[in-house]
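Okay, data.cif now, which holds mmCIF, C-alpha atoms:
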data_final
loop_
_atom_site.label_atom_id
_atom_site.label_comp_id
_atom_site.auth_asym_id
_atom_site.auth_seq_id
_atom_site.Cartn_x
_atom_site.Cartn_y
_atom_site.Cartn_z
CA MET A 903 28.01 -199.81 25.76
CA ARG A 904 30.32 -196.86 25.21
CA PRO A 905 34.06 -197.67 25.18
CA ARG A 906 35.98 -196.34 28.14
CA PRO A 907 38.47 -193.56 27.37
CA ALA A 908 42.18 -194.39 27.17
CA VAL A 909 44.44 -193.83 30.14
CA VAL A 910 46.43 -190.60 29.84
CA ALA A 911 49.80 -190.76 31.61
CA HIS A 912 52.53 -188.31 32.53
CA HIS A 913 55.87 -189.15 34.13
CA PHE A 914 58.39 -186.73 35.63
CA GLU A 915 61.15 -186.39 38.21
CA ALA A 916 60.48 -184.21 41.26
CA LEU A 917 61.20 -184.18 44.99
CA GLY A 918 64.29 -186.25 44.26
CA THR A 919 62.22 -189.19 43.00
CA SER A 920 60.06 -190.44 40.13
CA CYS A 921 56.43 -189.41 39.84
CA SER A 922 53.63 -190.66 37.58
CA LEU A 923 50.14 -189.31 37.00
CA PHE A 924 47.34 -191.23 35.29
CA GLY A 925 43.82 -190.23 34.42
CA LEU A 926 40.77 -191.28 32.46
CA GLY A 927 38.87 -188.47 30.80
CA VAL A 928 41.59 -185.97 31.63
CA SER A 929 43.81 -183.96 29.32
CA GLN A 930 47.59 -183.97 29.15
CA THR A 931 47.42 -180.32 30.23
CA GLN A 932 45.69 -181.30 33.47
CA LEU A 933 48.46 -183.78 34.20
CA LEU A 934 51.08 -181.15 33.40
CA ASN A 935 49.34 -178.79 35.81
CA GLY A 936 49.60 -181.58 38.36
CA GLU A 937 53.36 -181.65 37.86
CA VAL A 938 53.52 -177.88 38.34
CA TRP A 939 51.55 -178.24 41.58
CA VAL A 940 53.98 -180.88 42.86
CA ARG A 941 57.00 -178.73 42.05
CA GLU A 942 55.53 -175.56 43.57
CA LEU A 943 54.48 -177.28 46.76
CA GLY A 944 57.76 -179.19 46.92
CA ALA A 945 59.64 -175.89 46.82
CA ARG A 946 57.60 -174.64 49.77
CA ILE A 947 58.13 -177.63 52.03
CA THR A 948 61.70 -178.68 51.26
CA ARG A 949 64.25 -178.44 54.04
CA PHE A 950 67.06 -178.08 51.53
CA SER A 951 66.27 -174.49 50.53
CA ASP A 952 66.61 -171.51 52.85
CA ARG A 953 63.72 -169.83 51.00
CA SER A 954 61.11 -172.50 51.72
CA GLU A 955 58.29 -172.12 54.24
CA LEU A 956 59.62 -175.12 56.13
CA ALA A 957 63.08 -173.54 56.39
CA ALA A 958 61.47 -170.38 57.77
CA LEU A 959 59.68 -172.44 60.40
CA ASN A 960 62.82 -174.42 61.27
CA GLN A 961 64.79 -171.17 61.67
CA SER A 962 62.07 -169.23 63.49
CA ASP A 963 63.66 -169.71 66.92
CA GLY A 964 60.33 -170.43 68.59
CA ALA A 965 58.35 -167.59 66.99
CA TRP A 966 55.05 -167.86 65.14
CA VAL A 967 55.50 -167.83 61.37
CA ASP A 968 53.01 -167.44 58.53
CA VAL A 969 52.38 -170.55 56.45
CA SER A 970 50.33 -171.25 53.34
CA PRO A 971 47.09 -173.26 53.59
CA GLU A 972 48.82 -176.28 52.07
CA THR A 973 51.71 -176.17 54.53
CA GLU A 974 49.27 -175.70 57.39
CA GLU A 975 47.34 -178.75 56.23
CA LEU A 976 50.51 -180.79 55.91
CA LEU A 977 51.62 -179.82 59.41
CA ARG A 978 48.23 -180.84 60.78
CA GLU A 979 48.58 -184.13 58.90
CA SER A 980 51.99 -184.59 60.53
CA LEU A 981 50.37 -184.26 63.95
CA ARG A 982 47.71 -186.79 62.94
CA ALA A 983 50.40 -189.18 61.69
CA TYR A 984 52.16 -188.83 65.05
CA GLU A 985 48.97 -189.90 66.81
CA LEU A 986 48.17 -192.71 64.36
CA SER A 987 51.66 -194.17 64.72
CA ALA A 988 51.83 -193.78 68.50
CA GLY A 989 54.74 -191.41 68.01
CA LEU A 990 56.78 -193.50 65.57
CA VAL A 991 56.13 -191.24 62.58
CA ASN A 992 57.62 -188.06 63.93
CA VAL A 993 58.63 -185.29 61.55
CA ALA A 994 60.73 -183.68 64.31
CA VAL A 995 63.71 -185.89 63.44
CA LEU A 996 65.63 -183.24 61.51
CA PRO A 997 68.43 -182.94 64.10
CA SER A 998 69.05 -186.68 63.76
CA MET A 999 69.01 -186.43 59.96
CA LEU A 1000 71.67 -183.74 60.14
CA ALA A 1001 73.69 -185.72 62.69
CA ILE A 1002 73.94 -188.73 60.39
CA GLY A 1003 75.08 -186.55 57.51
CA TYR A 1004 71.84 -186.16 55.54
CA THR A 1005 72.27 -182.42 55.18
CA ARG A 1006 71.52 -181.99 51.48
CA PRO A 1007 69.85 -183.93 48.66
CA LEU A 1008 71.56 -187.30 48.43
CA ALA A 1009 72.33 -186.66 44.78
CA GLU A 1010 74.77 -184.05 46.06
CA GLY A 1011 76.32 -186.43 48.60
CA THR A 1012 76.28 -186.58 52.38
CA SER A 1013 78.23 -184.74 55.05
CA SER A 1014 80.42 -186.36 57.68
CA ALA A 1015 78.24 -188.24 60.15
CA THR A 1016 78.29 -187.70 63.89
CA PRO A 1017 75.72 -190.28 65.08
CA GLU A 1018 76.77 -189.77 68.68
CA ARG A 1019 75.09 -186.36 68.49
CA ALA A 1020 71.75 -187.90 67.49
CA ALA A 1021 69.12 -187.95 70.23
CA PRO A 1022 65.56 -189.22 70.59
CA ALA A 1023 63.09 -186.90 68.90
CA PRO A 1024 60.86 -184.72 71.08
CA ALA A 1025 57.14 -185.45 71.23
CA LEU A 1026 55.80 -183.65 68.18
CA ALA A 1027 52.60 -182.59 69.89
CA ASP A 1028 54.68 -180.80 72.54
CA VAL A 1029 56.86 -178.80 70.16
CA LEU A 1030 54.61 -177.98 67.19
CA ARG A 1031 51.60 -175.67 67.33
CA VAL A 1032 49.43 -175.02 64.29
CA ARG A 1033 46.80 -172.32 63.96
CA PRO A 1034 45.00 -171.08 60.83
CA ARG A 1035 47.76 -169.90 58.46
CA ARG A 1036 50.36 -169.85 61.27
CA ALA A 1037 52.66 -172.31 62.96
CA ARG A 1038 55.19 -172.32 65.76
CA LEU A 1039 58.03 -174.74 66.39
CA GLN A 1040 59.83 -174.90 69.69
CA ARG A 1041 63.32 -173.45 69.70
CA GLY A 1042 66.02 -176.00 69.00
CA CYS A 1043 63.71 -178.36 67.10
CA GLY A 1044 63.58 -179.05 63.37
CA LEU A 1045 61.10 -180.67 61.01
CA ASP A 1046 61.66 -182.84 57.96
CA LEU A 1047 58.41 -183.40 56.08
CA GLY A 1048 59.97 -185.81 53.59
CA GLY A 1049 58.56 -188.78 55.47
CA ILE A 1050 54.95 -187.77 55.03
CA ALA A 1051 54.67 -185.28 52.18
CA LYS A 1052 54.65 -187.71 49.25
CA GLY A 1053 51.60 -189.67 50.36
CA TRP A 1054 49.79 -186.49 51.31
CA MET A 1055 50.57 -184.93 47.94
CA ALA A 1056 49.40 -188.07 46.11
CA ASP A 1057 46.08 -187.86 47.95
CA ARG A 1058 45.52 -184.20 47.10
CA LEU A 1059 46.69 -184.56 43.53
CA ALA A 1060 44.54 -187.58 42.69
CA LEU A 1061 41.48 -185.70 43.89
CA LYS A 1062 42.50 -182.62 41.91
CA LEU A 1063 43.02 -184.57 38.69
CA GLY A 1064 39.49 -185.92 38.52
CA PRO A 1065 37.13 -188.67 39.58
CA ASP A 1066 39.08 -191.42 37.79
CA SER A 1067 42.79 -190.92 38.33
CA LEU A 1068 45.93 -192.15 40.04
CA ALA A 1069 48.83 -190.14 41.42
CA ASN A 1070 52.10 -191.86 42.25
CA ILE A 1071 54.59 -189.60 44.02
CA GLY A 1072 57.78 -191.52 44.60
CA GLY A 1073 56.00 -194.83 45.20
CA ASP A 1074 53.37 -193.39 47.53
CA LEU A 1075 50.16 -193.41 45.56
CA ARG A 1076 46.45 -192.78 45.65
CA ALA A 1077 43.90 -194.21 43.23
CA VAL A 1078 40.40 -192.79 42.86
CA GLY A 1079 37.58 -194.05 40.71
CA PRO A 1080 36.97 -197.33 38.91
CA GLY A 1081 40.12 -197.31 36.76
CA PRO A 1082 40.75 -198.47 33.18
CA ALA A 1083 38.52 -201.56 33.19
CA GLY A 1084 36.07 -200.50 35.86
CA ASP A 1085 37.42 -202.82 38.54
CA GLY A 1086 40.04 -200.56 40.06
CA TRP A 1087 43.49 -199.28 39.14
CA PRO A 1088 45.98 -202.17 38.77
CA VAL A 1089 48.99 -201.49 40.98
CA GLY A 1090 52.05 -203.67 41.52
CA MET A 1091 52.88 -204.50 45.12
CA GLY A 1092 54.94 -207.26 46.66
CA GLY A 1093 55.22 -209.14 43.38
CA ALA A 1094 51.45 -209.21 42.82
CA THR A 1095 48.86 -206.90 41.30
CA VAL A 1096 46.19 -205.34 43.48
CA MET A 1097 43.20 -203.45 42.14
CA LEU A 1098 42.86 -200.16 44.00
CA ARG A 1099 39.72 -198.08 44.04
CA ASP A 1100 39.61 -195.05 46.34
CA GLN A 1101 42.60 -196.48 48.19
CA GLY A 1102 46.26 -195.66 48.69
CA ALA A 1103 49.47 -197.65 48.77
CA ALA A 1104 53.00 -196.93 49.93
CA THR A 1105 56.35 -198.57 50.54
CA SER A 1106 58.77 -197.77 53.32
CA SER A 1107 62.28 -199.10 52.96
CA VAL A 1108 65.79 -198.79 54.31
CA ARG A 1109 67.27 -200.16 51.08
CA ARG A 1110 67.21 -196.82 49.29
CA ARG A 1111 68.71 -193.53 50.40
CA ARG A 1112 71.46 -195.26 52.33
CA TRP A 1113 75.18 -194.63 52.58
CA GLY A 1114 77.65 -196.83 54.42
CA ASP A 1115 75.93 -198.28 57.47
CA LEU A 1116 73.45 -195.42 57.60
CA HIS A 1117 70.09 -194.77 55.97
CA HIS A 1118 67.41 -192.09 56.07
CA LEU A 1119 64.71 -193.84 58.09
CA ILE A 1120 65.14 -192.56 61.63
CA ASP A 1121 63.63 -194.31 64.63
CA PRO A 1122 62.46 -191.36 66.77
CA ARG A 1123 62.86 -193.45 69.94
CA THR A 1124 66.62 -193.56 69.47
CA GLY A 1125 67.29 -190.79 66.99
CA LEU A 1126 69.28 -193.27 64.91
CA PRO A 1127 68.55 -195.17 61.68
CA SER A 1128 66.11 -198.01 62.24
CA ARG A 1129 67.50 -201.46 63.08
CA SER A 1130 64.13 -203.16 63.54
CA GLY A 1131 64.86 -206.26 61.49
CA LEU A 1132 62.53 -205.27 58.67
CA GLU A 1133 64.01 -203.67 55.57
CA GLU A 1134 60.94 -203.01 53.45
CA VAL A 1135 57.19 -202.78 54.07
CA SER A 1136 54.44 -202.11 51.52
CA VAL A 1137 50.82 -201.54 52.49
CA VAL A 1138 47.42 -200.65 51.07
CA ALA A 1139 45.29 -198.33 53.20
CA ALA A 1140 42.41 -195.91 52.84
CA SER A 1141 44.65 -193.14 51.52
CA GLY A 1142 48.20 -192.57 50.35
CA CYS A 1143 49.09 -190.71 53.50
CA ASP A 1144 47.67 -193.41 55.76
CA ALA A 1145 49.53 -196.05 53.74
CA GLU A 1146 52.78 -194.13 54.16
CA VAL A 1147 52.28 -193.77 57.90
CA VAL A 1148 51.32 -197.41 58.40
CA ALA A 1149 54.19 -198.71 56.27
CA LYS A 1150 56.74 -196.64 58.16
CA THR A 1151 55.29 -197.52 61.55
CA ALA A 1152 55.30 -201.23 60.72
CA LEU A 1153 58.89 -201.06 59.55
CA LEU A 1154 59.96 -199.30 62.75
CA LEU A 1155 58.03 -201.77 64.92
CA GLY A 1156 59.86 -204.71 63.39
CA PRO A 1157 58.74 -208.23 62.56
CA GLY A 1158 57.35 -208.98 66.01
CA LEU A 1159 54.66 -206.32 66.02
CA ALA A 1160 54.31 -205.24 62.40
CA THR A 1161 51.71 -207.86 61.49
CA ALA A 1162 49.42 -206.91 64.34
CA TYR A 1163 49.76 -203.22 63.55
CA CYS A 1164 49.05 -203.75 59.85
CA ALA A 1165 46.12 -206.00 60.68
CA ALA A 1166 44.58 -203.12 62.58
CA HIS A 1167 45.41 -200.32 60.14
CA ALA A 1168 46.04 -201.69 56.63
CA GLN A 1169 44.03 -203.49 53.97
CA ALA A 1170 46.98 -205.40 52.49
CA TRP A 1171 50.65 -205.65 53.45
CA TRP A 1172 53.93 -207.17 52.45
CA PHE A 1173 57.17 -207.37 54.46
CA SER A 1174 60.78 -208.05 53.57
CA SER A 1175 63.54 -208.51 56.12
CA MET B 1482 -13.74 -203.30 83.16
CA ARG B 1483 -12.55 -201.45 80.10
CA THR B 1484 -9.42 -200.23 81.89
CA PHE B 1485 -8.71 -203.72 83.14
CA LEU B 1486 -8.97 -205.13 79.62
CA LEU B 1487 -6.58 -202.48 78.33
CA LYS B 1488 -4.02 -203.40 81.02
CA VAL B 1489 -4.34 -207.10 80.26
CA GLY B 1490 -4.00 -206.40 76.54
CA ALA B 1491 -0.86 -204.32 77.05
CA THR B 1492 0.67 -206.99 79.29
CA VAL B 1493 -0.08 -209.77 76.82
CA LEU B 1494 1.34 -207.68 73.96
CA THR B 1495 4.55 -206.98 75.90
CA LEU B 1496 5.07 -210.59 76.91
CA GLY B 1497 4.27 -211.78 73.40
CA THR B 1498 6.74 -209.38 71.82
CA THR B 1499 9.44 -210.43 74.29
CA LEU B 1500 8.82 -214.11 73.62
CA ALA B 1501 8.79 -213.65 69.84
CA SER B 1502 12.02 -211.62 69.95
CA THR B 1503 13.71 -214.27 72.07
CA LEU B 1504 12.66 -217.04 69.70
CA TYR B 1505 13.79 -215.02 66.66
CA VAL B 1506 17.21 -214.19 68.07
CA THR B 1507 17.79 -217.74 69.25
CA ALA B 1508 16.85 -219.15 65.87
CA HIS B 1509 19.04 -216.72 63.90
CA LEU B 1510 22.17 -216.56 66.05
CA LYS B 1511 24.86 -218.21 63.99
CA ASN B 1512 27.20 -219.08 66.80
CA SER B 1513 26.01 -218.41 70.31
CA SER B 1514 29.52 -218.81 71.75
CA ALA B 1515 31.25 -216.50 69.27
CA PRO B 1516 33.31 -213.80 70.96
CA LEU B 1517 32.12 -210.26 70.40
CA GLN B 1518 35.49 -209.07 69.20
CA PRO B 1519 37.47 -211.82 67.52
CA SER B 1520 41.21 -211.60 67.50
CA VAL B 1521 42.25 -209.05 64.91
CA VAL B 1522 45.18 -210.96 63.52
CA ALA B 1523 43.39 -214.29 63.31
CA THR B 1524 40.57 -212.88 61.18
CA GLN B 1525 42.75 -211.30 58.54
CA GLY B 1526 42.75 -212.25 54.90
CA PHE B 1527 44.79 -214.70 52.95
CA ASP B 1528 48.46 -214.77 52.17
CA VAL B 1529 49.67 -214.89 48.57
CA GLY B 1530 53.42 -215.13 48.13
CA GLY B 1531 54.10 -213.06 51.23
CA LEU B 1532 51.41 -210.48 50.39
CA THR B 1533 48.58 -210.53 52.91
CA VAL B 1534 45.31 -209.32 51.43
CA THR B 1535 42.12 -208.57 53.36
CA PRO B 1536 38.67 -208.73 51.80
CA GLY B 1537 38.86 -204.97 51.17
CA VAL B 1538 41.46 -205.45 48.43
CA ARG B 1539 41.01 -207.34 45.17
CA GLN B 1540 43.86 -209.04 43.40
CA GLY B 1541 44.13 -208.71 39.64
CA ASP B 1542 45.79 -210.62 36.83
CA VAL B 1543 46.34 -207.65 34.53
CA ARG B 1544 49.55 -205.75 33.99
CA PRO B 1545 49.85 -202.96 36.57
CA VAL B 1546 49.97 -199.36 35.32
CA THR B 1547 52.34 -198.45 38.13
CA SER B 1548 53.60 -199.80 41.42
CA THR B 1549 54.46 -198.75 44.92
CA TYR B 1550 58.20 -198.71 45.46
CA ALA B 1551 60.88 -197.45 47.77
CA SER B 1552 62.19 -194.01 46.92
#
Write out the structure in this file as structure tokens.
Amino acid sequence: MRPRPAVVAHHFEALGTSCSLFGLGVSQTQLLNGEVWVRELGARITRFSDRSELAALNQSDGAWVDVSPETEELLRESLRAYELSAGLVNVAVLPSMLAIGYTRPLAEGTSSATPERAAPAPALADVLRVRPRRARLQRGCGLDLGGIAKGWMADRLALKLGPDSLANIGGDLRAVGPGPAGDGWPVGMGGATVMLRDQGAATSSVRRRRWGDLHHLIDPRTGLPSRSGLEEVSVVAASGCDAEVVAKTALLLGPGLATAYCAAHAQAWWFSS
Amino acid sequence: MRTFLLKVGATVLTLGTTLASTLYVTAHLKNSSAPLQPSVVATQGFDVGGLTVTPGVRQGDVRPVTSTYAS
């Protein structure tokens, strides 16, 4: 029996968080190319740069704008996440983000908060239209893709890296292939180790990216930071993006409904309140 | 006469197949009163230290290469 190749790993900081790439039978150069892909795509979809595609869409004043295939796909994924979460994962929460002072990367600090100006988010399907290589956002609305991009990027990147790899983008991850010992990729979650094979995992939390009484996880029903009673949710699902959507939805639903939702949409879950 | 025999044969074959199917299903039905769609929550996996795991996920006892975390 031939010995399995060693795991090649690459760690880096991007998108304001820590990222790790792992692969079997891949070169360090492939993992470095993965980092380049993350940085290039991150620059296109950040809301913190006026030169990004997302900024152009947010400032388009209701006009159609050209978008890259990746941004188009991410916007379509945002609409799917909206459906999957019954409206709780809504990327149209940018006005609320700005109202609570999250106007720039948190490493640069927050602005003064005016929560009274926050309002429930509009129905995403009503304000966002996506066509091949084009998108239109209703005037007065704004998108923040930070709540869905990491899981989506982990999915794409793991598939790009090869048939036996794992991409972890800020805690949202996707594992493909049999892993180091052939029984899945060992991933820590909720104090235990789960073996993931062609599955994703993600954690949604209000314990990070918080300042004062505020935090970044907006409940689109109120336009304000979530007060559901749950502080952290981790899940395993079919993909990184699905895991991210399910974890966030469960956290927003709160302890009363989160278990039932996870039972219908997740393969493993862990809550902390 | 030949036509009549064909009709009788077809009828016997149909009734025989129906009877055999009924006997087979009755003998192999594990729980005749089981609901078609059991409660989702009640059929979920087991709980280990607060982590609920369904049969689709295996637990391991090796050191994880990475973990999911809040960012």
Run through the PyMOL selection byres ((chain A) within 8 of (chain B)) on the given coordinates and return the selected residues as a short mmCIF file (atom, residue, chain, number, x, y, z; two decimals) with C-alpha atoms, in the frame of the given file.
data_model
loop_
_atom_site.label_atom_id
_atom_site.label_comp_id
_atom_site.auth_asym_id
_atom_site.auth_seq_id
_atom_site.Cartn_x
_atom_site.Cartn_y
_atom_site.Cartn_z
CA THR A 919 62.22 -189.19 43.00
CA SER A 920 60.06 -190.44 40.13
CA SER A 922 53.63 -190.66 37.58
CA ASN A 1070 52.10 -191.86 42.25
CA GLY A 1072 57.78 -191.52 44.60
CA GLY A 1073 56.00 -194.83 45.20
CA ASP A 1074 53.37 -193.39 47.53
CA LEU A 1075 50.16 -193.41 45.56
CA TRP A 1087 43.49 -199.28 39.14
CA PRO A 1088 45.98 -202.17 38.77
CA VAL A 1089 48.99 -201.49 40.98
CA GLY A 1090 52.05 -203.67 41.52
CA MET A 1091 52.88 -204.50 45.12
CA GLY A 1092 54.94 -207.26 46.66
CA GLY A 1093 55.22 -209.14 43.38
CA ALA A 1094 51.45 -209.21 42.82
CA THR A 1095 48.86 -206.90 41.30
CA VAL A 1096 46.19 -205.34 43.48
CA MET A 1097 43.20 -203.45 42.14
CA LEU A 1098 42.86 -200.16 44.00
CA ALA A 1103 49.47 -197.65 48.77
CA ALA A 1104 53.00 -196.93 49.93
CA THR A 1105 56.35 -198.57 50.54
CA SER A 1106 58.77 -197.77 53.32
CA SER A 1107 62.28 -199.10 52.96
CA ARG A 1109 67.27 -200.16 51.08
CA ARG A 1110 67.21 -196.82 49.29
CA ARG A 1111 68.71 -193.53 50.40
CA GLU A 1134 60.94 -203.01 53.45
CA SER A 1136 54.44 -202.11 51.52
CA THR A 1161 51.71 -207.86 61.49
CA ALA A 1162 49.42 -206.91 64.34
CA ALA A 1165 46.12 -206.00 60.68
CA ALA A 1166 44.58 -203.12 62.58
CA GLN A 1169 44.03 -203.49 53.97
CA ALA A 1170 46.98 -205.40 52.49
CA TRP A 1171 50.65 -205.65 53.45
CA TRP A 1172 53.93 -207.17 52.45
CA PHE A 1173 57.17 -207.37 54.46
#
Inset, instruction - List the residues matched by the PyMOL selection byres ((chain A and resi 1155) around 10) in the displayed structure as a PyMOL selection string, ordered by chain and then by residue number. - result: chain A and resi 987+990+1121+1128-1132+1149-1154+1156-1161+1163
Legend entry - Hits of the PyMOL selection byres ((chain A and resi 980) around 9) in this structure, as a ChimeraX atom specification: /A:975-979,981-985,991-993,1026,1047,1050-1051
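Interatomic distance, atom CA of Leu1116 of chain A to atom CA of Val1148 of chain A: 22.2 Å.
Between atom CA of Glu955 of chain A and atom CA of Pro1034 of chain A lies a distance of 14.9 Å.
As for atom CA of Ala1083 of chain A and atom CA of Val1147 of chain A, they are spaced 29.3 Å apart.
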Legend entry - Distance criterion (all atoms listed in the file): nearest to Thr1124 of chain A out of A:Ala957, A:Ala1023, A:Ala1139, A:Ala994: A:Ala1023
Padding of 3 Å on every side, edges along x, y and z, all listed atoms of segment 1499-1510 of chain B included: what centre and edge lengths in Å, to one decimal, does that box have, as AutoDock Vina command-line options?
--center_x 15.5 --center_y -214.8 --center_z 69.1 --size_x 19.4 --size_y 14.7 --size_z 16.4
Inset, instruction - Could you tell me which of A:Gly1064, A:Leu986, A:Glu937, A:Asp1115 comes closest to Asp1144 of chain A if we count only C-alpha atoms? - result: A:Leu986
Legend entry - 10 Å contact set for Pro1065 of chain A, only C-alpha atoms, chain neighbours under 5 positions out, as a ChimeraX atom specification: /A:925-928,1060,1077-1081,1100
Which polymer residues have any atom within 12 Å of an atom of segment 968-972 of chain A, counting all atoms listed in the file, with same-chain residues fewer than 3 positions away left out, as a tab-separated table (two decimals) with C-alpha atoms, in the frame of the given file?
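As a result, result10.tsv now contains:
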chain	number	residue	atom	x	y	z
A	939	TRP	CA	51.55	-178.24	41.58
A	940	VAL	CA	53.98	-180.88	42.86
A	942	GLU	CA	55.53	-175.56	43.57
A	943	LEU	CA	54.48	-177.28	46.76
A	944	GLY	CA	57.76	-179.19	46.92
A	946	ARG	CA	57.60	-174.64	49.77
A	947	ILE	CA	58.13	-177.63	52.03
A	954	SER	CA	61.11	-172.50	51.72
A	955	GLU	CA	58.29	-172.12	54.24
A	956	LEU	CA	59.62	-175.12	56.13
A	957	ALA	CA	63.08	-173.54	56.39
A	958	ALA	CA	61.47	-170.38	57.77
A	959	LEU	CA	59.68	-172.44	60.40
A	962	SER	CA	62.07	-169.23	63.49
A	965	ALA	CA	58.35	-167.59	66.99
A	975	GLU	CA	47.34	-178.75	56.23
A	976	LEU	CA	50.51	-180.79	55.91
A	977	LEU	CA	51.62	-179.82	59.41
A	978	ARG	CA	48.23	-180.84	60.78
A	979	GLU	CA	48.58	-184.13	58.90
A	1032	VAL	CA	49.43	-175.02	64.29
A	1033	ARG	CA	46.80	-172.32	63.96
A	1034	PRO	CA	45.00	-171.08	60.83
A	1035	ARG	CA	47.76	-169.90	58.46
A	1036	ARG	CA	50.36	-169.85	61.27
A	1037	ALA	CA	52.66	-172.31	62.96
A	1038	ARG	CA	55.19	-172.32	65.76
A	1039	LEU	CA	58.03	-174.74	66.39
A	1051	ALA	CA	54.67	-185.28	52.18
A	1054	TRP	CA	49.79	-186.49	51.31
A	1055	MET	CA	50.57	-184.93	47.94
A	1058	ARG	CA	45.52	-184.20	47.10
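If you measure from each of A:Cys1143, A:Cys1043, A:Ala916, A:Leu1063 to Asp963 of chain A using all atoms listed in the file, the closest one turns out to be A:Cys1043.
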Inset, instruction - Could you tell me which of A:Ala908, A:Lys1062, A:Gly1125, A:Val967 comes closest to Glu1018 of chain A if we count all atoms listed in the file? - result: A:Gly1125
Since the input is missing atoms, can you rebuild N, CA and C atoms for segment 1046-1063 of chain A and write them as a tab-separated table (two decimals), in the frame of the given file?
chain	number	residue	atom	x	y	z
A	1046	ASP	N	61.40	-182.33	59.32
A	1046	ASP	CA	61.66	-182.84	57.96
A	1046	ASP	C	60.37	-183.50	57.51
A	1047	LEU	N	59.71	-182.89	56.52
A	1047	LEU	CA	58.41	-183.40	56.08
A	1047	LEU	C	58.54	-184.46	54.99
A	1048	GLY	N	59.76	-184.84	54.67
A	1048	GLY	CA	59.97	-185.81	53.59
A	1048	GLY	C	59.32	-187.16	53.87
A	1049	GLY	N	59.12	-187.48	55.13
A	1049	GLY	CA	58.56	-188.78	55.47
A	1049	GLY	C	57.06	-188.86	55.39
A	1050	ILE	N	56.41	-187.75	55.06
A	1050	ILE	CA	54.95	-187.77	55.03
A	1050	ILE	C	54.39	-187.03	53.84
A	1051	ALA	N	55.20	-186.18	53.22
A	1051	ALA	CA	54.67	-185.28	52.18
A	1051	ALA	C	54.23	-186.02	50.92
A	1052	LYS	N	54.95	-187.08	50.55
A	1052	LYS	CA	54.65	-187.71	49.25
A	1052	LYS	C	53.25	-188.34	49.25
A	1053	GLY	N	52.93	-189.06	50.28
A	1053	GLY	CA	51.60	-189.67	50.36
A	1053	GLY	C	50.50	-188.62	50.43
A	1054	TRP	N	50.75	-187.57	51.19
A	1054	TRP	CA	49.79	-186.49	51.31
A	1054	TRP	C	49.58	-185.80	49.97
A	1055	MET	N	50.67	-185.57	49.25
A	1055	MET	CA	50.57	-184.93	47.94
A	1055	MET	C	49.84	-185.84	46.95
A	1056	ALA	N	50.10	-187.13	47.01
A	1056	ALA	CA	49.40	-188.07	46.11
A	1056	ALA	C	47.90	-188.02	46.36
A	1057	ASP	N	47.51	-187.94	47.63
A	1057	ASP	CA	46.08	-187.86	47.95
A	1057	ASP	C	45.46	-186.60	47.35
A	1058	ARG	N	46.09	-185.46	47.59
A	1058	ARG	CA	45.52	-184.20	47.10
A	1058	ARG	C	45.50	-184.16	45.58
A	1059	LEU	N	46.58	-184.65	44.99
A	1059	LEU	CA	46.69	-184.56	43.53
A	1059	LEU	C	45.69	-185.47	42.84
A	1060	ALA	N	45.50	-186.67	43.32
A	1060	ALA	CA	44.54	-187.58	42.69
A	1060	ALA	C	43.14	-186.97	42.72
A	1061	LEU	N	42.80	-186.32	43.81
A	1061	LEU	CA	41.48	-185.70	43.89
A	1061	LEU	C	41.38	-184.49	42.97
A	1062	LYS	N	42.50	-183.79	42.80
A	1062	LYS	CA	42.50	-182.62	41.91
A	1062	LYS	C	42.38	-183.03	40.45
A	1063	LEU	N	42.98	-184.17	40.10
A	1063	LEU	CA	43.02	-184.57	38.69
A	1063	LEU	C	41.65	-184.97	38.16
